[in-house]
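Next comes start.cif, a file with mmCIF, C-alpha atoms.
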```
data_structure
loop_
_atom_site.label_atom_id
_atom_site.label_comp_id
_atom_site.auth_asym_id
_atom_site.auth_seq_id
_atom_site.Cartn_x
_atom_site.Cartn_y
_atom_site.Cartn_z
CA MET U 668 93.78 54.10 130.28
CA HIS U 669 91.40 54.97 127.47
CA HIS U 670 87.68 54.94 126.60
CA SER U 671 85.74 53.59 123.63
CA ARG U 672 82.15 52.96 122.57
CA LEU U 673 79.98 52.24 119.56
CA CYS U 674 79.16 55.63 118.05
CA SER U 675 77.74 55.21 114.57
CA ILE U 676 76.40 53.01 111.85
CA ILE U 677 77.70 53.87 108.39
CA ILE U 678 75.69 52.74 105.37
CA ASP U 679 78.24 52.29 102.56
CA CYS U 680 76.61 52.84 99.17
CA ASN U 681 78.29 52.10 95.85
CA THR U 682 76.25 54.67 93.94
CA TYR U 683 76.60 57.72 91.74
CA ASP U 684 73.60 59.45 93.34
CA LEU U 685 74.20 59.76 97.06
CA ASP U 686 71.09 61.92 97.50
CA VAL U 687 68.85 59.11 96.22
CA ALA U 688 70.55 56.64 98.57
CA ALA U 689 70.23 59.07 101.50
CA ALA U 690 66.55 59.68 100.68
CA PHE U 691 65.89 55.93 100.80
CA TRP U 692 67.64 55.45 104.15
CA SER U 693 66.07 58.62 105.54
CA SER U 694 62.61 57.25 104.77
CA ALA U 695 63.46 53.70 105.83
CA LEU U 696 64.80 54.81 109.22
CA GLY U 697 62.51 57.78 109.81
CA ARG U 698 65.42 60.22 110.11
CA THR U 699 65.75 63.47 108.17
CA VAL U 700 68.85 64.06 106.04
CA ASN U 701 70.96 66.77 107.69
CA ARG U 702 73.23 68.29 105.02
CA GLU U 703 74.68 70.83 107.49
CA ASN U 704 76.22 68.02 109.59
CA SER U 705 77.30 65.88 106.63
CA GLY U 706 80.89 67.10 106.30
CA ASN U 707 82.23 66.30 102.82
CA LEU U 708 79.05 66.43 100.70
CA ASP U 709 80.71 64.47 97.89
CA LYS U 710 80.98 61.43 100.18
CA TYR U 711 78.57 61.73 103.12
CA ARG U 712 74.99 62.46 104.14
CA ALA U 713 74.26 62.56 107.87
CA LEU U 714 70.87 61.49 109.13
CA GLU U 715 69.40 63.33 112.13
CA THR U 716 70.34 61.65 115.39
CA PRO U 717 67.57 61.69 117.99
CA PRO U 718 68.83 62.22 121.57
CA GLY U 719 70.31 59.07 123.06
CA GLN U 720 70.47 57.20 119.74
CA ILE U 721 73.39 56.09 117.59
CA LYS U 722 74.62 58.36 114.81
CA CYS U 723 73.89 57.14 111.26
CA GLU U 724 75.48 58.31 108.00
CA VAL U 725 75.20 57.34 104.36
CA GLN U 726 78.61 57.20 102.65
CA ARG U 727 79.55 56.95 98.96
CA VAL U 728 82.13 54.18 98.46
CA ASP U 729 83.99 52.45 95.62
CA HIS U 730 83.71 48.96 97.14
CA PRO U 731 80.53 46.85 97.26
CA SER U 732 77.68 48.29 99.34
CA ARG U 733 77.55 47.17 102.96
CA VAL U 734 77.01 48.50 106.47
CA HIS U 735 79.79 49.03 108.99
CA ILE U 736 80.12 50.40 112.51
CA ASP U 737 82.41 53.05 113.93
CA ILE U 738 83.92 52.77 117.40
CA GLU U 739 84.94 56.13 118.86
CA THR U 740 87.86 56.44 121.25
CA ASP U 741 89.98 59.02 123.01
CA ASP U 742 93.16 57.04 122.21
CA LEU U 743 93.25 55.69 118.66
CA GLU U 744 96.50 53.73 119.05
CA ALA U 745 95.47 52.11 122.34
CA GLU U 746 92.13 51.02 120.88
CA VAL U 747 93.73 49.59 117.73
CA LEU U 748 96.17 47.65 119.94
CA ARG U 749 93.37 46.41 122.23
CA LEU U 750 91.31 45.15 119.30
CA SER U 751 94.36 43.63 117.59
CA ARG U 752 95.01 41.62 120.74
CA LEU U 753 91.43 40.33 120.46
CA GLY U 754 92.15 39.06 116.94
CA ALA U 755 91.20 42.01 114.71
CA LYS U 756 93.64 43.11 112.04
CA GLU U 757 94.45 46.57 110.78
CA VAL U 758 93.46 47.00 107.13
CA GLN U 759 94.16 50.65 106.36
CA ARG U 760 94.79 54.06 107.91
CA ILE U 761 92.79 56.89 106.35
CA LYS U 762 93.28 60.46 107.58
CA HIS U 763 92.25 60.31 111.24
CA TRP U 764 90.78 56.81 111.48
CA VAL U 765 91.75 53.16 111.12
CA VAL U 766 89.85 50.52 109.15
CA MET U 767 89.99 47.16 110.89
CA GLU U 768 88.66 43.68 110.21
CA ALA U 769 87.20 41.38 112.83
CA PRO U 770 88.37 37.76 112.97
CA THR U 771 85.03 36.89 111.32
CA GLY U 772 85.64 39.24 108.36
CA GLN U 773 83.49 42.29 109.16
CA ARG U 774 85.13 45.64 108.57
CA PHE U 775 84.75 48.48 111.07
CA CYS U 776 86.45 51.80 111.79
CA ILE U 777 88.16 53.21 114.86
CA VAL U 778 87.62 56.98 115.00
CA MET U 779 88.28 59.85 117.35
CA PRO U 780 85.24 61.07 119.36
CA GLN U 781 82.30 61.90 117.10
CA LEU U 782 79.49 62.59 119.55
CA SER U 783 79.48 65.61 121.85
CA ASP U 784 78.72 63.60 125.00
CA PHE U 785 81.81 61.35 124.74
CA PRO U 786 82.89 59.55 126.98
CA LYS U 787 79.42 59.21 128.55
CA GLY U 788 78.51 55.52 128.58
CA ALA U 789 81.89 54.52 127.11
CA ASN U 790 83.89 51.52 128.27
CA LYS U 791 87.02 52.32 130.28
CA TRP U 792 90.02 50.18 129.33
CA PRO U 793 93.26 49.76 131.29
#
```

In structure tokens, what does this structure look like?
Amino acid sequence: MHHSRLCSIIIDCNTYDLDVAAAFWSSALGRTVNRENSGNLDKYRALETPPGQIKCEVQRVDHPSRVHIDIETDDLEAEVLRLSRLGAKEVQRIKHWVVMEAPTGQRFCIVMPQLSDFPKGANKWP
């Protein structure tokens, strides 16, 4: 048995200036850029997450700009298998997460728990 839930929206930006991109999305969404929680500053800028809301990050990428979601889970392999059975396909494994593609073409990532209150509100899968 494992848990999973939607945990974050990642704004993929094909840009040389991640700070400009983060400033735009910070203003657009009304969330302050939080450099202390951004992890790798070459690739990410975290936006403040108000209590009870979904995490949002701006990420520098080499592919075309787009938005994708992250699903957090306490069992990466079980979640990848569950979603594969629903028709998703595994695209790539990167460090500690898996990039997948929905049957309709959208890419998304399966990640280990990102939010401190996990598994609160998560789905429980057999």

CA of Pro731 in chain U to CA of Tyr683 in chain U: how many Å, to one decimal?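 Between CA of Pro731 in chain U and CA of Tyr683 in chain U the gap is 12.8 Å.
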
d(CA of Val728 in chain U, CA of Ile761 in chain U) in Å: 13.5 Å

For CA of Asn701 in chain U and CA of Arg774 in chain U, quote the distance in Å rounded to one decimal. 25.5 Å

Could you tell me, as a PyMOL selection string, exactly which residues end up selected when the PyMOL selection byres ((chain U and resi 775) around 6) is applied to this structure? chain U and resi 735-737+766-767+774+776

Can you list what the PyMOL selection byres ((chain U and resi 729) around 10) grabs from this structure, as a list in words?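 This file, filtered by the PyMOL selection byres ((chain U and resi 729) around 10), leaves Asp679, Cys680, Asn681, Thr682, Tyr683, Arg727, Val728, His730, Pro731 and Ser732 of chain U.
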
Please write as a list in words the full residue list that the PyMOL selection byres ((chain U and resi 709-721) around 6) yields on this file.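 Those residues are Cys674, Ser675, Arg698, Thr699, Val700, Asn701, Ser705, Asn707, Leu708, Lys722, Cys723, Glu724, Val725, Gln726 and Arg727 of chain U.
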
Compute the distance from (86.6, 54.3, 126.7) to each atom, counting all atoms listed in the file, keep the residues with any atom at most 9 Å away, and return them as a list in words; use the coordinates of the file. Met668, His669, His670, Ser671, Arg672, Glu739, Thr740, Asp741, Asp742, Glu746, Phe785, Pro786, Lys787, Gly788, Ala789, Asn790, Lys791 and Trp792 of chain U

Residues around (92.9, 53.2, 116.8), cut-off 7 Å, counting only C-alpha atoms - what are they as a PyMOL selection string? chain U and resi 742-747+764-765+777-778
